[in-house]
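Q: Here you go, my_file07.cif (mmCIF, C-alpha atoms):
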data_target
loop_
_atom_site.group_PDB
_atom_site.id
_atom_site.type_symbol
_atom_site.label_atom_id
_atom_site.label_comp_id
_atom_site.auth_asym_id
_atom_site.auth_seq_id
_atom_site.Cartn_x
_atom_site.Cartn_y
_atom_site.Cartn_z
ATOM 1 C CA MET A 550 53.491 -15.450 79.457
ATOM 2 C CA ASN A 551 49.912 -14.549 80.108
ATOM 3 C CA ASN A 552 47.066 -16.965 79.940
ATOM 4 C CA LYS A 553 46.101 -16.242 76.339
ATOM 5 C CA ALA A 554 49.551 -16.759 74.921
ATOM 6 C CA ARG A 555 50.007 -19.929 76.909
ATOM 7 C CA THR A 556 46.732 -21.371 75.646
ATOM 8 C CA PHE A 557 47.633 -20.377 72.092
ATOM 9 C CA VAL A 558 50.986 -22.125 72.201
ATOM 10 C CA GLY A 559 49.465 -25.142 73.894
ATOM 11 C CA VAL A 560 46.757 -25.575 71.283
ATOM 12 C CA TRP A 561 49.231 -25.020 68.453
ATOM 13 C CA PHE A 562 51.553 -27.637 69.898
ATOM 14 C CA PHE A 563 48.652 -30.053 70.379
ATOM 15 C CA SER A 564 47.370 -29.752 66.828
ATOM 16 C CA MET A 565 50.923 -30.038 65.512
ATOM 17 C CA ILE A 566 51.303 -33.358 67.335
ATOM 18 C CA PHE A 567 48.176 -34.629 65.621
ATOM 19 C CA TRP A 568 49.370 -33.324 62.263
ATOM 20 C CA LEU A 569 52.669 -35.172 62.662
ATOM 21 C CA LEU A 570 50.925 -38.359 63.732
ATOM 22 C CA PHE A 571 48.542 -38.213 60.801
ATOM 23 C CA THR A 572 51.064 -37.448 58.094
ATOM 24 C CA TRP A 573 53.677 -39.614 59.798
ATOM 25 C CA SER A 574 56.615 -38.080 57.976
ATOM 26 C CA LEU A 575 59.326 -35.617 58.906
ATOM 27 C CA ASP A 576 59.723 -34.335 55.373
ATOM 28 C CA LEU A 577 60.545 -30.600 55.469
ATOM 29 C CA GLN A 578 57.663 -29.656 53.177
ATOM 30 C CA GLU A 579 55.144 -31.546 55.257
ATOM 31 C CA VAL A 580 56.383 -30.049 58.516
ATOM 32 C CA VAL A 581 56.427 -26.464 57.261
ATOM 33 C CA PHE A 582 52.968 -26.787 55.748
ATOM 34 C CA GLY A 583 51.769 -28.387 58.955
ATOM 35 C CA LEU A 584 53.113 -25.492 61.016
ATOM 36 C CA ILE A 585 51.288 -22.977 58.820
ATOM 37 C CA LEU A 586 48.050 -24.956 58.749
ATOM 38 C CA THR A 587 47.934 -25.644 62.469
ATOM 39 C CA PHE A 588 48.739 -21.962 63.093
ATOM 40 C CA VAL A 589 45.673 -20.934 61.103
ATOM 41 C CA VAL A 590 43.483 -23.537 62.799
ATOM 42 C CA THR A 591 44.731 -22.432 66.206
ATOM 43 C CA LEU A 592 44.068 -18.801 65.360
ATOM 44 C CA PHE A 593 40.392 -19.583 64.834
ATOM 45 C CA THR A 594 39.845 -22.084 67.608
ATOM 46 C CA TYR A 595 42.124 -21.279 70.537
ATOM 47 C CA ASP A 596 39.529 -19.134 72.303
ATOM 48 C CA LEU A 597 37.431 -22.277 72.801
ATOM 49 C CA TRP A 598 40.230 -23.602 74.987
ATOM 50 C CA LEU A 599 40.630 -20.515 77.157
ATOM 51 C CA ASP A 600 39.804 -21.112 80.815
ATOM 52 C CA THR A 601 39.450 -24.851 80.278
ATOM 53 C CA LYS A 602 41.637 -27.468 81.849
ATOM 54 C CA LEU A 603 41.889 -29.569 78.726
ATOM 55 C CA LEU A 604 45.537 -28.671 78.215
ATOM 56 C CA ASN A 605 46.327 -30.522 81.444
ATOM 57 C CA VAL A 606 46.786 -33.557 79.229
ATOM 58 C CA LEU A 607 49.960 -31.986 77.846
ATOM 59 C CA ASN A 608 51.612 -31.987 81.255
ATOM 60 C CA PRO A 609 53.998 -34.974 81.428
ATOM 61 C CA LEU A 610 53.210 -35.411 85.118
ATOM 62 C CA ASN A 611 49.695 -36.423 84.100
ATOM 63 C CA TRP A 612 50.686 -38.990 81.484
ATOM 64 C CA PRO A 613 50.902 -42.008 83.830
ATOM 65 C CA THR A 614 47.385 -41.226 85.026
ATOM 66 C CA ILE A 615 46.145 -41.062 81.442
ATOM 67 C CA ILE A 616 47.754 -44.364 80.507
ATOM 68 C CA VAL A 617 46.341 -46.131 83.559
ATOM 69 C CA TYR A 618 42.961 -44.584 82.790
ATOM 70 C CA PHE A 619 42.981 -45.983 79.267
ATOM 71 C CA LEU A 620 43.910 -49.464 80.498
ATOM 72 C CA VAL A 621 41.139 -49.438 83.107
ATOM 73 C CA LEU A 622 38.694 -48.089 80.532
ATOM 74 C CA LEU A 623 39.626 -50.856 78.107
ATOM 75 C CA LYS A 624 39.070 -53.504 80.762
ATOM 76 C CA GLU A 625 35.689 -52.041 81.712
ATOM 77 C CA MET A 626 34.690 -51.764 78.069
ATOM 78 C CA VAL A 627 35.451 -55.401 77.338
ATOM 79 C CA LYS A 628 33.460 -56.437 80.402
ATOM 80 C CA ALA A 629 30.585 -54.179 79.377
ATOM 81 C CA ASN A 630 30.538 -55.450 75.844
ATOM 82 C CA ILE A 631 30.505 -59.117 76.721
ATOM 83 C CA ASP A 632 27.696 -58.458 79.186
ATOM 84 C CA LEU A 633 25.680 -56.469 76.681
ATOM 85 C CA ALA A 634 26.283 -58.838 73.772
ATOM 86 C CA LEU A 635 25.046 -61.728 75.908
ATOM 87 C CA ARG A 636 21.934 -59.746 76.834
ATOM 88 C CA THR A 637 21.286 -58.867 73.212
ATOM 89 C CA LEU A 638 21.719 -62.349 71.838
ATOM 90 C CA ASN A 639 19.772 -63.992 74.667
ATOM 91 C CA PRO A 640 16.360 -65.022 73.267
ATOM 92 C CA LYS A 641 14.617 -63.872 76.472
ATOM 93 C CA LEU A 642 16.112 -60.372 76.269
ATOM 94 C CA PRO A 643 16.781 -60.016 80.038
ATOM 95 C CA ILE A 644 16.615 -56.242 80.401
ATOM 96 C CA SER A 645 14.836 -53.986 82.857
ATOM 97 C CA PRO A 646 15.724 -50.479 81.737
ATOM 98 C CA GLY A 647 15.105 -47.222 83.555
ATOM 99 C CA ILE A 648 16.513 -43.784 84.179
ATOM 100 C CA VAL A 649 18.171 -43.396 87.566
ATOM 101 C CA GLU A 650 19.576 -40.401 89.363
ATOM 102 C CA ILE A 651 23.087 -40.651 90.788
ATOM 103 C CA GLU A 652 25.301 -38.329 92.750
ATOM 104 C CA ALA A 653 28.092 -36.653 90.843
ATOM 105 C CA ASP A 654 30.294 -34.086 92.492
ATOM 106 C CA PHE A 655 33.189 -33.038 90.294
ATOM 107 C CA PRO A 656 35.375 -29.946 90.243
ATOM 108 C CA SER A 657 35.085 -28.896 86.598
ATOM 109 C CA ASP A 658 33.237 -29.231 83.305
ATOM 110 C CA GLU A 659 36.033 -31.300 81.831
ATOM 111 C CA ALA A 660 35.802 -33.799 84.657
ATOM 112 C CA TYR A 661 32.058 -34.093 84.067
ATOM 113 C CA THR A 662 32.679 -34.711 80.379
ATOM 114 C CA LEU A 663 35.258 -37.393 81.055
ATOM 115 C CA VAL A 664 33.019 -39.180 83.533
ATOM 116 C CA ALA A 665 29.968 -38.913 81.282
ATOM 117 C CA ASN A 666 31.852 -40.399 78.349
ATOM 118 C CA SER A 667 33.279 -43.192 80.473
ATOM 119 C CA ILE A 668 29.805 -43.974 81.762
ATOM 120 C CA THR A 669 28.461 -44.233 78.245
ATOM 121 C CA LEU A 670 31.173 -46.707 77.323
ATOM 122 C CA THR A 671 30.687 -49.013 80.304
ATOM 123 C CA PRO A 672 28.110 -51.619 81.337
ATOM 124 C CA GLY A 673 24.624 -50.815 80.166
ATOM 125 C CA THR A 674 24.619 -47.137 81.012
ATOM 126 C CA ILE A 675 24.188 -43.935 79.013
ATOM 127 C CA THR A 676 24.337 -40.441 80.431
ATOM 128 C CA VAL A 677 21.080 -38.698 79.561
ATOM 129 C CA ASP A 678 21.414 -35.455 81.461
ATOM 130 C CA ILE A 679 23.631 -33.651 83.927
ATOM 131 C CA ASP A 680 22.399 -31.257 86.591
ATOM 132 C CA LYS A 681 25.446 -29.344 87.730
ATOM 133 C CA GLU A 682 23.683 -27.142 90.277
ATOM 134 C CA ASN A 683 22.397 -30.082 92.292
ATOM 135 C CA LYS A 684 25.373 -32.243 91.394
ATOM 136 C CA LYS A 685 23.314 -35.025 89.878
ATOM 137 C CA MET A 686 23.628 -37.158 86.790
ATOM 138 C CA TYR A 687 20.750 -38.923 85.092
ATOM 139 C CA ILE A 688 21.702 -42.284 83.695
ATOM 140 C CA HIS A 689 19.769 -44.607 81.449
ATOM 141 C CA TRP A 690 20.539 -48.049 82.817
ATOM 142 C CA ILE A 691 19.664 -51.149 80.851
ATOM 143 C CA HIS A 692 19.356 -53.312 83.950
ATOM 144 C CA VAL A 693 18.577 -51.269 87.035
ATOM 145 C CA ASP A 694 20.314 -52.809 90.049
ATOM 146 C CA THR A 695 19.730 -50.084 92.597
ATOM 147 C CA GLU A 696 17.766 -46.850 92.750
ATOM 148 C CA ASP A 697 19.814 -45.366 95.549
ATOM 149 C CA PRO A 698 21.820 -42.360 94.244
ATOM 150 C CA LYS A 699 24.914 -43.142 96.313
ATOM 151 C CA LYS A 700 25.190 -46.850 95.577
ATOM 152 C CA GLY A 701 24.406 -46.219 91.937
ATOM 153 C CA ALA A 702 27.189 -43.680 91.747
ATOM 154 C CA GLU A 703 29.653 -46.177 93.177
ATOM 155 C CA ILE A 704 28.664 -48.870 90.681
ATOM 156 C CA ILE A 705 28.374 -46.646 87.639
ATOM 157 C CA HIS A 706 31.262 -44.218 87.770
ATOM 158 C CA GLY A 707 33.327 -45.575 90.639
ATOM 159 C CA PHE A 708 36.226 -46.458 88.368
ATOM 160 C CA ALA A 709 36.383 -43.196 86.421
ATOM 161 C CA ALA A 710 35.842 -40.656 89.189
ATOM 162 C CA PRO A 711 39.346 -40.632 90.724
ATOM 163 C CA PHE A 712 40.940 -40.128 87.321
ATOM 164 C CA ALA A 713 38.636 -37.265 86.473
ATOM 165 C CA ARG A 714 39.363 -35.558 89.776
ATOM 166 C CA ARG A 715 43.079 -35.947 89.343
ATOM 167 C CA LEU A 716 43.287 -34.845 85.751
ATOM 168 C CA PHE A 717 40.936 -31.878 85.706
ATOM 169 C CA SER A 718 40.874 -30.271 89.119
ATOM 170 C CA MET B 1332 51.145 -61.459 64.182
ATOM 171 C CA ASP B 1333 48.796 -62.003 61.260
ATOM 172 C CA TYR B 1334 46.793 -64.554 63.200
ATOM 173 C CA VAL B 1335 46.421 -62.276 66.208
ATOM 174 C CA ALA B 1336 45.104 -59.669 63.791
ATOM 175 C CA TYR B 1337 42.608 -62.154 62.337
ATOM 176 C CA VAL B 1338 41.353 -63.005 65.815
ATOM 177 C CA LEU B 1339 40.906 -59.294 66.528
ATOM 178 C CA TYR B 1340 39.002 -58.870 63.251
ATOM 179 C CA GLY B 1341 36.792 -61.768 64.295
ATOM 180 C CA ILE B 1342 36.077 -60.232 67.694
ATOM 181 C CA GLY B 1343 35.329 -56.887 66.056
ATOM 182 C CA ALA B 1344 32.965 -58.454 63.551
ATOM 183 C CA PHE B 1345 31.198 -60.340 66.321
ATOM 184 C CA PHE B 1346 30.631 -57.223 68.418
ATOM 185 C CA ASN B 1347 29.478 -55.215 65.425
ATOM 186 C CA PHE B 1348 27.051 -58.036 64.637
ATOM 187 C CA ALA B 1349 25.782 -57.986 68.220
ATOM 188 C CA GLY B 1350 25.303 -54.237 67.921
ATOM 189 C CA VAL B 1351 23.179 -54.629 64.796
ATOM 190 C CA VAL B 1352 21.088 -57.372 66.373
ATOM 191 C CA GLY B 1353 20.638 -55.071 69.344
ATOM 192 C CA ILE B 1354 19.369 -52.268 67.155
ATOM 193 C CA LEU B 1355 16.771 -54.622 65.689
ATOM 194 C CA ARG B 1356 15.688 -56.266 68.937
ATOM 195 C CA MET B 1357 15.712 -53.583 71.609
ATOM 196 C CA PRO B 1358 12.304 -52.101 72.407
ATOM 197 C CA ASP B 1359 12.988 -48.355 72.681
ATOM 198 C CA PRO B 1360 15.480 -45.799 71.319
ATOM 199 C CA TYR B 1361 17.460 -45.631 74.550
ATOM 200 C CA CYS B 1362 18.177 -49.334 74.635
ATOM 201 C CA LYS B 1363 18.979 -49.260 70.950
ATOM 202 C CA LEU B 1364 21.528 -46.542 71.677
ATOM 203 C CA GLN B 1365 23.052 -48.680 74.396
ATOM 204 C CA THR B 1366 23.895 -51.554 72.092
ATOM 205 C CA SER B 1367 24.769 -49.468 69.084
ATOM 206 C CA THR B 1368 27.224 -47.251 70.964
ATOM 207 C CA LYS B 1369 29.052 -49.731 73.112
ATOM 208 C CA ASN B 1370 29.278 -52.777 70.916
ATOM 209 C CA VAL B 1371 30.085 -50.823 67.800
ATOM 210 C CA THR B 1372 32.765 -48.758 69.541
ATOM 211 C CA LEU B 1373 34.585 -51.803 70.843
ATOM 212 C CA GLY B 1374 34.074 -53.645 67.576
ATOM 213 C CA CYS B 1375 35.641 -50.848 65.566
ATOM 214 C CA ILE B 1376 38.488 -50.390 68.029
ATOM 215 C CA SER B 1377 39.216 -54.083 67.878
ATOM 216 C CA ILE B 1378 39.339 -53.986 64.080
ATOM 217 C CA MET B 1379 41.597 -50.922 64.169
ATOM 218 C CA LEU B 1380 43.917 -52.681 66.598
ATOM 219 C CA GLY B 1381 44.005 -55.632 64.216
ATOM 220 C CA VAL B 1382 45.019 -53.329 61.361
ATOM 221 C CA PHE B 1383 47.733 -51.845 63.566
ATOM 222 C CA LEU B 1384 49.140 -55.261 64.430
ATOM 223 C CA ARG B 1385 49.126 -56.435 60.831
ATOM 224 C CA GLU B 1386 51.016 -53.381 59.708
ATOM 225 C CA ILE B 1387 53.534 -53.441 62.536
ATOM 226 C CA HIS B 1388 55.897 -55.921 60.866
ATOM 227 C CA LEU B 1389 56.531 -53.380 58.114
ATOM 228 C CA GLY B 1390 58.129 -51.211 60.794
ATOM 229 C CA LEU B 1391 56.511 -48.390 62.721
ATOM 230 C CA LEU B 1392 57.318 -46.015 59.885
ATOM 231 C CA SER B 1393 54.688 -47.566 57.643
ATOM 232 C CA SER B 1394 52.112 -44.931 58.328
ATOM 233 C CA PHE B 1395 49.005 -47.157 58.327
ATOM 234 C CA GLY B 1396 49.140 -48.503 61.864
ATOM 235 C CA VAL B 1397 49.443 -45.274 63.767
ATOM 236 C CA LYS B 1398 46.590 -43.748 61.794
ATOM 237 C CA ALA B 1399 44.371 -46.666 62.747
ATOM 238 C CA LEU B 1400 45.193 -46.123 66.407
ATOM 239 C CA LEU B 1401 44.440 -42.396 66.113
ATOM 240 C CA LEU B 1402 41.109 -43.174 64.486
ATOM 241 C CA SER B 1403 40.184 -45.431 67.369
ATOM 242 C CA LEU B 1404 41.093 -42.656 69.815
ATOM 243 C CA PHE B 1405 38.792 -40.218 68.026
ATOM 244 C CA MET B 1406 36.062 -42.835 67.975
ATOM 245 C CA LEU B 1407 36.483 -43.282 71.711
ATOM 246 C CA ILE B 1408 35.860 -39.565 72.214
ATOM 247 C CA THR B 1409 33.129 -38.844 69.678
ATOM 248 C CA ASN B 1410 30.958 -41.976 69.877
ATOM 249 C CA PRO B 1411 29.801 -41.620 73.495
ATOM 250 C CA THR B 1412 29.329 -37.884 73.070
ATOM 251 C CA ALA B 1413 27.062 -38.425 70.083
ATOM 252 C CA SER B 1414 24.976 -41.048 71.847
ATOM 253 C CA HIS B 1415 24.689 -38.830 74.904
ATOM 254 C CA VAL B 1416 23.351 -36.008 72.756
ATOM 255 C CA LEU B 1417 20.929 -38.361 70.996
ATOM 256 C CA ALA B 1418 19.626 -39.752 74.275
ATOM 257 C CA ARG B 1419 19.128 -36.297 75.733
ATOM 258 C CA ALA B 1420 17.404 -35.016 72.599
ATOM 259 C CA CYS B 1421 15.129 -38.072 72.538
ATOM 260 C CA TYR B 1422 14.163 -37.531 76.143
ATOM 261 C CA TYR B 1423 13.359 -33.859 75.890
ATOM 262 C CA ALA B 1424 11.550 -34.349 72.576
ATOM 263 C CA GLY B 1425 9.202 -36.624 74.520
ATOM 264 C CA VAL B 1426 10.080 -40.052 73.205
ATOM 265 C CA PRO B 1427 8.552 -42.392 75.809
ATOM 266 C CA LEU B 1428 10.495 -45.055 77.636
ATOM 267 C CA TRP B 1429 9.621 -48.681 77.086
ATOM 268 C CA GLU B 1430 6.464 -49.557 79.053
ATOM 269 C CA LYS B 1431 8.283 -52.221 81.074
ATOM 270 C CA SER B 1432 10.904 -49.732 82.231
ATOM 271 C CA VAL B 1433 11.500 -49.824 85.964
ATOM 272 C CA THR B 1434 12.047 -46.211 86.992
ATOM 273 C CA ASP B 1435 12.271 -42.733 85.575
ATOM 274 C CA HIS B 1436 13.963 -40.313 87.960
ATOM 275 C CA LEU B 1437 14.346 -37.655 85.312
ATOM 276 C CA LYS B 1438 10.601 -37.204 84.902
ATOM 277 C CA SER B 1439 10.115 -34.796 87.812
ATOM 278 C CA ARG B 1440 12.926 -32.602 86.558
ATOM 279 C CA LYS B 1441 11.533 -32.465 83.039
ATOM 280 C CA GLU B 1442 8.090 -31.520 84.308
ATOM 281 C CA ALA B 1443 9.552 -28.819 86.525
ATOM 282 C CA GLU B 1444 11.359 -27.383 83.544
ATOM 283 C CA SER B 1445 8.331 -27.339 81.282
ATOM 284 C CA ASP B 1446 6.342 -25.497 83.959
ATOM 285 C CA GLU B 1447 8.724 -22.599 84.024
#
Hey, can you dump this file as structure tokens for me?
A:
Amino acid sequence: MNNKARTFVGVWFFSMIFWLLFTWSLDLQEVVFGLILTFVVTLFTYDLWLDTKLLNVLNPLNWPTIIVYFLVLLKEMVKANIDLALRTLNPKLPISPGIVEIEADFPSDEAYTLVANSITLTPGTITVDIDKENKKMYIHWIHVDTEDPKKGAEIIHGFAAPFARRLFS
Amino acid sequence: MDYVAYVLYGIGAFFNFAGVVGILRMPDPYCKLQTSTKNVTLGCISIMLGVFLREIHLGLLSSFGVKALLLSLFMLITNPTASHVLARACYYAGVPLWEKSVTDHLKSRKEAESDE
């Protein structure tokens, strides 16, 4: 199978999984209608997935990585939220915000996306901009601990980087 | 299981409350985005998880629970993306940082771009 056909089947399969999860029934009518509907949706959208590595998530070899990633993400999120809620509800409002530059060297767009989203969900940081040519990320940090690009990178996306490299390289 | 679900609802409500307080108290749009994204995402996920656990005794085939989990997955993907876009748009539209902000490393890059 060439690349196009493989992407097409992959996207179709992916949307069918979501259809089945959403309807949550194996009734013949539902399944047949789902097949037709997801076929149409795939027909219009599969070219967005060409030459991306997003379909890596369908590979069973990657599933343990994904599960571990979600557990780590959940842990980090809970930590982040408690920290931020305490800052918010503290009458003194102990914040010292700023935009810092950190190093970010990842193999693909998908990896950048994953890391950027993880950053936004974890302690006091939001990705503002990404400079792929110079391999830099600009992060809004609610309590700036360090302005050094390397140390900042370790603190901010240290937990997500290995997963991104493994999944989307 | 019901009581675990209630605790999760409570946690969710608390974090959503903290998010709202954050929106009111934080000094500039970026900090407001911080609280609104993170606290509200975890708050909603916690509530969804509570729904899932309450429905689970009806058997996995009662469609509610799985849908709640799927919704939380979509929220996990779309919420940070949206806040990233908002932050970037704010910055390039020239919304200033709070005056007590410590650093702004992005400034030189923005100026270089506007010169071109």
Q: For chain A against chain B, with a cut-off of 9 Å and counting only C-alpha atoms, what is the closest atom pair and its distance in Å to one decimal for every residue that makes the cut, ordered by chain and number, as JSON lines?
A:
{"residue": "A:Phe567", "atom": "CA", "partner": "B:Leu1401", "partner_atom": "CA", "distance": 8.6}
{"residue": "A:Leu570", "atom": "CA", "partner": "B:Val1397", "partner_atom": "CA", "distance": 7.1}
{"residue": "A:Phe571", "atom": "CA", "partner": "B:Lys1398", "partner_atom": "CA", "distance": 6.0}
{"residue": "A:Thr572", "atom": "CA", "partner": "B:Ser1394", "partner_atom": "CA", "distance": 7.6}
{"residue": "A:Trp573", "atom": "CA", "partner": "B:Ser1394", "partner_atom": "CA", "distance": 5.7}
{"residue": "A:Ser574", "atom": "CA", "partner": "B:Leu1392", "partner_atom": "CA", "distance": 8.2}
{"residue": "A:Leu623", "atom": "CA", "partner": "B:Leu1373", "partner_atom": "CA", "distance": 8.9}
{"residue": "A:Met626", "atom": "CA", "partner": "B:Leu1373", "partner_atom": "CA", "distance": 7.2}
{"residue": "A:Val627", "atom": "CA", "partner": "B:Leu1373", "partner_atom": "CA", "distance": 7.5}
{"residue": "A:Ala629", "atom": "CA", "partner": "B:Lys1369", "partner_atom": "CA", "distance": 7.8}
{"residue": "A:Asn630", "atom": "CA", "partner": "B:Asn1370", "partner_atom": "CA", "distance": 5.7}
{"residue": "A:Ile631", "atom": "CA", "partner": "B:Phe1346", "partner_atom": "CA", "distance": 8.5}
{"residue": "A:Leu633", "atom": "CA", "partner": "B:Thr1366", "partner_atom": "CA", "distance": 7.0}
{"residue": "A:Ala634", "atom": "CA", "partner": "B:Ala1349", "partner_atom": "CA", "distance": 5.6}
{"residue": "A:Leu635", "atom": "CA", "partner": "B:Ala1349", "partner_atom": "CA", "distance": 8.6}
{"residue": "A:Arg636", "atom": "CA", "partner": "B:Gly1353", "partner_atom": "CA", "distance": 8.9}
{"residue": "A:Thr637", "atom": "CA", "partner": "B:Gly1353", "partner_atom": "CA", "distance": 5.5}
{"residue": "A:Leu638", "atom": "CA", "partner": "B:Ala1349", "partner_atom": "CA", "distance": 7.0}
{"residue": "A:Leu642", "atom": "CA", "partner": "B:Met1357", "partner_atom": "CA", "distance": 8.2}
{"residue": "A:Ile644", "atom": "CA", "partner": "B:Ser1432", "partner_atom": "CA", "distance": 8.9}
{"residue": "A:Ser645", "atom": "CA", "partner": "B:Ser1432", "partner_atom": "CA", "distance": 5.8}
{"residue": "A:Pro646", "atom": "CA", "partner": "B:Ser1432", "partner_atom": "CA", "distance": 4.9}
{"residue": "A:Gly647", "atom": "CA", "partner": "B:Thr1434", "partner_atom": "CA", "distance": 4.7}
{"residue": "A:Ile648", "atom": "CA", "partner": "B:Asp1435", "partner_atom": "CA", "distance": 4.6}
{"residue": "A:Val649", "atom": "CA", "partner": "B:His1436", "partner_atom": "CA", "distance": 5.2}
{"residue": "A:Glu650", "atom": "CA", "partner": "B:His1436", "partner_atom": "CA", "distance": 5.8}
{"residue": "A:Thr662", "atom": "CA", "partner": "B:Thr1412", "partner_atom": "CA", "distance": 8.6}
{"residue": "A:Ala665", "atom": "CA", "partner": "B:Pro1411", "partner_atom": "CA", "distance": 8.2}
{"residue": "A:Asn666", "atom": "CA", "partner": "B:Pro1411", "partner_atom": "CA", "distance": 5.4}
{"residue": "A:Ser667", "atom": "CA", "partner": "B:Pro1411", "partner_atom": "CA", "distance": 8.0}
{"residue": "A:Ile668", "atom": "CA", "partner": "B:Pro1411", "partner_atom": "CA", "distance": 8.6}
{"residue": "A:Thr669", "atom": "CA", "partner": "B:Pro1411", "partner_atom": "CA", "distance": 5.6}
{"residue": "A:Leu670", "atom": "CA", "partner": "B:Lys1369", "partner_atom": "CA", "distance": 5.6}
{"residue": "A:Thr671", "atom": "CA", "partner": "B:Lys1369", "partner_atom": "CA", "distance": 7.4}
{"residue": "A:Pro672", "atom": "CA", "partner": "B:Lys1369", "partner_atom": "CA", "distance": 8.5}
{"residue": "A:Gly673", "atom": "CA", "partner": "B:Gln1365", "partner_atom": "CA", "distance": 6.3}
{"residue": "A:Thr674", "atom": "CA", "partner": "B:Gln1365", "partner_atom": "CA", "distance": 7.0}
{"residue": "A:Ile675", "atom": "CA", "partner": "B:His1415", "partner_atom": "CA", "distance": 6.6}
{"residue": "A:Thr676", "atom": "CA", "partner": "B:His1415", "partner_atom": "CA", "distance": 5.8}
{"residue": "A:Val677", "atom": "CA", "partner": "B:Arg1419", "partner_atom": "CA", "distance": 4.9}
{"residue": "A:Asp678", "atom": "CA", "partner": "B:Arg1419", "partner_atom": "CA", "distance": 6.2}
{"residue": "A:Tyr687", "atom": "CA", "partner": "B:Leu1437", "partner_atom": "CA", "distance": 6.5}
{"residue": "A:Ile688", "atom": "CA", "partner": "B:Leu1437", "partner_atom": "CA", "distance": 8.8}
{"residue": "A:His689", "atom": "CA", "partner": "B:Tyr1361", "partner_atom": "CA", "distance": 7.3}
{"residue": "A:Trp690", "atom": "CA", "partner": "B:Cys1362", "partner_atom": "CA", "distance": 8.6}
{"residue": "A:Ile691", "atom": "CA", "partner": "B:Cys1362", "partner_atom": "CA", "distance": 6.6}
{"residue": "A:His692", "atom": "CA", "partner": "B:Val1433", "partner_atom": "CA", "distance": 8.8}
{"residue": "A:Val693", "atom": "CA", "partner": "B:Val1433", "partner_atom": "CA", "distance": 7.3}
{"residue": "A:Glu696", "atom": "CA", "partner": "B:Thr1434", "partner_atom": "CA", "distance": 8.1}
Q: Which distance in Å separates CA of Ala660 (chain A) and CA of Thr601 (chain A), to one decimal?
A: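 According to the coordinates, CA of Ala660 (chain A) and CA of Thr601 (chain A) are separated by 10.6 Å.
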Q: Could you list the residues chosen by the PyMOL selection byres ((chain A and resi 564) around 12) in this structure as a compact mmCIF listing (two decimals) with C-alpha atoms, in the coordinates of the input?
A:
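Produced file result-v1.txt, reproduced below:
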# COMPACT_ATOMS: atom_id res chain seq x y z
CA PHE A 557 47.63 -20.38 72.09
CA VAL A 558 50.99 -22.12 72.20
CA GLY A 559 49.46 -25.14 73.89
CA VAL A 560 46.76 -25.58 71.28
CA TRP A 561 49.23 -25.02 68.45
CA PHE A 562 51.55 -27.64 69.90
CA PHE A 563 48.65 -30.05 70.38
CA MET A 565 50.92 -30.04 65.51
CA ILE A 566 51.30 -33.36 67.33
CA PHE A 567 48.18 -34.63 65.62
CA TRP A 568 49.37 -33.32 62.26
CA LEU A 569 52.67 -35.17 62.66
CA LEU A 570 50.92 -38.36 63.73
CA PHE A 571 48.54 -38.21 60.80
CA GLY A 583 51.77 -28.39 58.96
CA LEU A 584 53.11 -25.49 61.02
CA ILE A 585 51.29 -22.98 58.82
CA LEU A 586 48.05 -24.96 58.75
CA THR A 587 47.93 -25.64 62.47
CA PHE A 588 48.74 -21.96 63.09
CA VAL A 589 45.67 -20.93 61.10
CA VAL A 590 43.48 -23.54 62.80
CA THR A 591 44.73 -22.43 66.21
CA LEU A 592 44.07 -18.80 65.36
CA THR A 594 39.84 -22.08 67.61
CA TYR A 595 42.12 -21.28 70.54
CA LEU A 604 45.54 -28.67 78.22
CA LEU A 607 49.96 -31.99 77.85
Q: Just the number, please: distance in Å from CA of Asn611 (chain A) to CA of Asp658 (chain A), one decimal.
A: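 Going from CA of Asn611 (chain A) over to CA of Asp658 (chain A) covers 18.0 Å.
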Q: Would you work out the distance separating CA of Ile615 (chain A) from CA of Ile1378 (chain B), expressed in Å to one decimal?
A: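 Interatomic distance here is 22.7 Å.
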Q: Determine the residue set returned by the PyMOL selection byres ((chain A and resi 681) around 9) for the present structure, and present it as a list in words.
A: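 Checking the PyMOL selection byres ((chain A and resi 681) around 9) against this file, the residues are Ala653, Asp654, Phe655, Asp658, Tyr661, Ile679, Asp680, Glu682, Asn683, Lys684, Lys685 and Met686 of chain A.
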Q: Taking (47.9, -51.1, 63.6) as a centre in this file's frame and 8 Å as the limit, can you find every polymer residue with an atom that close, using only C-alpha atoms, and give them as a VMD selection string?
A: chain B and resid 1379 to 1387 1395 to 1400
Q: Select, from A:Asp632, A:Arg714, A:Leu663, A:Glu652, the residue with the minimum atom-to-atom distance to Phe619 (chain A), counting only C-alpha atoms.
A: A:Leu663
Q: Counting only C-alpha atoms, which of A:Lys624, A:Thr614, A:Trp598, A:Glu659 gets nearest to Pro711 (chain A)?
A: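 Of the candidates, the smallest distance to Pro711 (chain A) is held by A:Thr614.
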